[in-house]
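Everything on this sheet refers to the single structure shown next.
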Amino acid sequence: MVETDFVTENKAVQGESIKLVVPHEREGQRLDHYLVEMVSNISRSRLSNLIRNGFILVNGSSSKAGNRLKGGDRIEITLPPPEPVAIKPEKVEFGVLHEDNDLLVIAKPPGVVVHPASGHKKGTLVHGLLAHCDNLSGISGVERPGIVHRLDKDTSGIMVIAKSDKSHHGLVELFKTRQVKKVYHAIVVGRSGTKKGCISQAIGRHRSNRKKMAVLQHGGREAVTCWSVLEEFADHLTYLEVRPETGRTHQIRVHMAHLGHPVAGDALYGNKQQKQTDDKYCIKRQCLHAYSLSFTHPVTGEVLEFISPVWPDMLAILVKLREQKHH
């Protein structure tokens with residue numbers, strides 16, 4: 001998440017389809033390699049199974065993983081509904097900022113995975129949401145009730161959850177059409193040299209590391225991130241306000257690292273030089289916090305804006321940096 005990454009598979013989870021048209025510059029690329037880059041929220045192994053079982057068609061016909069694509073080829077991916085998994089409600093800590101009949105706005109702690117996935121079958125935010133209320137939207141499937149966007153495990157901050165199907169459809173459309181305004185706060189490594197800026201670079205799955213996303217010169221999906229400097233500190237650390245205009249997986253972390261200013265504490269996209277700084281200031285996770293979210297209520301039409309103050313662990317780092325700055 002997305003940092004905040006709107007869930008693009010909502011309809012596909014119900015057995016509908018994702019459709020892609022192969023650009024001419026991708027002619028000759030293997031089907032499976034192309035899909036790994038373009039469909040970031042489906043694992044390589046699952047894509048292979050979908051190809052093998054005929055759920056991925058090229059120009060209306062089943063294909064093999066190694067088949068070479070041609071420019072203009074039409075790919076259709078049908079995602080069969082997931083096998084129902086009984087999720088037992090669990091007590092998981094999160095803050096409630098707002099709740100009505102249609103939606104819930106929460107503050108997610110760092111270290112909490114949003115929904116069950118491989119290696120995370122318990123203790124997710126979804127488990128906690130089911131313990132909090134039993135009337136969540138079911139559109140995203142049994143493993144992701146109410147989930148319309150995501151935050152990474154170690155990113156803290158604000159999220160909106162759908163409690164009714166009507167609000168779910170409305171929220172997905174708001175995210176899709178970029179009508180949800182998102183503001184993050186981040187501590188990054190280095191000095192930018194300017195007080196604000198924007199980066200527009202497409203993001204897709206890293207070609208060799210399945211866990212990472214990357215800026216891609218060819219392919220990928222449009223991604224735009226704007227930022228402005230809030231404070232500058234010793235040890236070349238900078239406090240930023242970041243406004244992602246799109247919602248790609250890991251977008252802020254990837255864009256900041258691409259600019260040479262990885263998020264402090266980011267083990268996946270950081271560099272070796274920043275480890276000493278992380279140790280000095282006891283930085284245990286990426287210093288990224290979803291600070292505010294504003295949108296039009298999908299049912300009532302009311303304009304809403306919510307703020308989740310910077311999480312205590314990140315605030316403690318800022319306090320330490322400010323104390324050093326004034327000595």
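Residue numbering restarts at 1 for every chain of the structure tokens, chains are lettered A, B, ... in their displayed order, and ligands are numbered from 1 as they appear.
Non-sequential neighbours of Lys196 (chain A) (distance at most 10 Å, separation of 2 or more positions within a chain, only C-alpha atoms) are A:Ser192, A:Gly193, A:Thr194, A:Cys198, A:Cys226, A:Trp227, A:Ser228, A:Val229, A:Leu230, A:Leu240, A:Glu241, A:Val242.
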Open item on the list: To test your reading of the structure, identify every residue in region 91-326 of chain A that backbone DSSP assigns to alpha helix (DSSP H), and report it as a VMD selection string.
Closed with: chain A and resid 125 to 132 165 to 176 251 to 258 275 to 280 312 to 326
Task: Residue neighbourhood region 131-139 of chain A, 9 Å, only C-alpha atoms, exclusion window fewer than 6 positions, as a PyMOL selection string - done: chain A and resi 10-11+13-14+88-92+101-103+145-147+161-169
Task: Residue contacts of Ser62 (chain A) (10 Å, only C-alpha atoms) excluding same-chain residues fewer than 2 positions away, as number ranges by chain - done: A: 51-60, 64-65, 75-76
Check which residues of region 117-236 of chain A sit at most 9 Å from region 294-308 of chain A using only C-alpha atoms, and return one row each with the closest pair of atoms and their distance in Å to one decimal, ordered by chain and rising number, as CSV.
residue,atom,partner,partner_atom,distance
A:Gly157,CA,A:Ser308,CA,5.9
A:Ile158,CA,A:Ser308,CA,5.8
A:Lys166,CA,A:Val299,CA,7.2
A:Ser167,CA,A:Pro298,CA,5.4
A:His168,CA,A:Pro298,CA,8.3
A:His169,CA,A:Pro298,CA,8.3
A:Gly170,CA,A:Pro298,CA,5.0
A:Leu171,CA,A:Pro298,CA,6.2
A:Leu174,CA,A:Phe295,CA,7.7
A:Gln179,CA,A:Phe295,CA,6.5
A:Val180,CA,A:Phe295,CA,4.9
A:Lys181,CA,A:Ser294,CA,5.2
A:Lys182,CA,A:Ser294,CA,6.8
A:Val183,CA,A:Ser294,CA,9.0
Task: DSSP strand (DSSP E or B) residues within region 137-236 of chain A, as a ChimeraX atom specification - done: /A:147,156-162,181-189,196-200,203-205,213-215,221,224-232
Filtering to C-alpha atoms, could you give me those residues as a compact mmCIF listing (two decimals), in the first residue's frame?
# COMPACT_ATOMS: atom_id res chain seq x y z
CA ILE A 147 -11.69 -3.93 3.06
CA SER A 156 0.40 3.05 10.81
CA GLY A 157 -2.57 5.33 10.43
CA ILE A 158 -5.98 5.95 9.01
CA MET A 159 -8.18 3.55 7.05
CA VAL A 160 -11.84 3.50 6.04
CA ILE A 161 -13.82 0.24 6.25
CA ALA A 162 -17.12 -0.51 4.46
CA LYS A 181 -7.48 12.72 -0.60
CA LYS A 182 -4.71 10.99 1.32
CA VAL A 183 -1.94 12.64 3.32
CA TYR A 184 0.95 10.71 4.88
CA HIS A 185 3.75 11.79 7.18
CA ALA A 186 7.16 10.21 6.67
CA ILE A 187 10.70 10.48 7.99
CA VAL A 188 13.09 9.92 5.10
CA VAL A 189 16.83 9.67 4.72
CA LYS A 196 8.52 20.35 -2.36
CA GLY A 197 8.13 18.28 -5.48
CA CYS A 198 6.26 15.55 -7.34
CA ILE A 199 7.38 12.29 -8.89
CA SER A 200 5.46 10.58 -11.68
CA ILE A 203 5.34 1.18 -10.66
CA GLY A 204 5.14 -2.58 -11.17
CA ARG A 205 6.40 -5.81 -9.68
CA MET A 213 7.76 -3.26 -6.31
CA ALA A 214 9.91 -1.03 -8.50
CA VAL A 215 9.88 1.97 -10.82
CA ARG A 221 0.98 1.33 -13.69
CA VAL A 224 2.15 9.99 -8.87
CA THR A 225 3.45 11.13 -5.48
CA CYS A 226 3.80 14.73 -4.29
CA TRP A 227 5.71 15.77 -1.19
CA SER A 228 6.71 18.81 0.84
CA VAL A 229 9.29 19.29 3.61
CA LEU A 230 7.93 19.80 7.14
CA GLU A 231 11.24 19.74 9.07
CA GLU A 232 14.92 18.94 8.51
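Considering only C-alpha atoms, the residue among A:Gly141, A:Gly72, A:Pro262, A:Pro116 positioned nearest to Tyr239 (chain A) is A:Pro262.
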Open item on the list: Counting only C-alpha atoms, which residue out of A:Lys325, A:Arg144, A:His255, A:Lys176 sits closest to Leu216 (chain A)?
Closed with: A:His255
Open item on the list: Restricting the calculation to only C-alpha atoms: of A:Glu173, A:Asp154, A:Asp100, A:Asp32, which residue gets closest to Lys284 (chain A)?
Closed with: A:Asp154
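Shortest separation to Ala86 (chain A) among A:Glu99, A:Asp73, A:Glu143, A:Asp266 occurs at residue A:Glu143, atoms counted being only C-alpha atoms.
Between Ala202 (chain A) and the residues A:Gln251, A:Thr177, A:Thr238, A:Gln29, the shortest atom-to-atom distance, using only C-alpha atoms, involves A:Gln251.
The two atoms in question, CA of Val105 (chain A) and CA of Val126 (chain A), are spaced 13.5 Å apart.
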Task: Who sits within 10 Å of region 270-276 of chain A, only C-alpha atoms, same chain under 4 positions skipped, as a PyMOL selection string - done: chain A and resi 188-190+235-237+253-254+256-257+260-266+280-283+286
Task: Residue with smallest distance to His127 (chain A) - pool A:Ile87, A:Ile77, A:Val96, A:Val319, counting only C-alpha atoms - done: A:Ile87
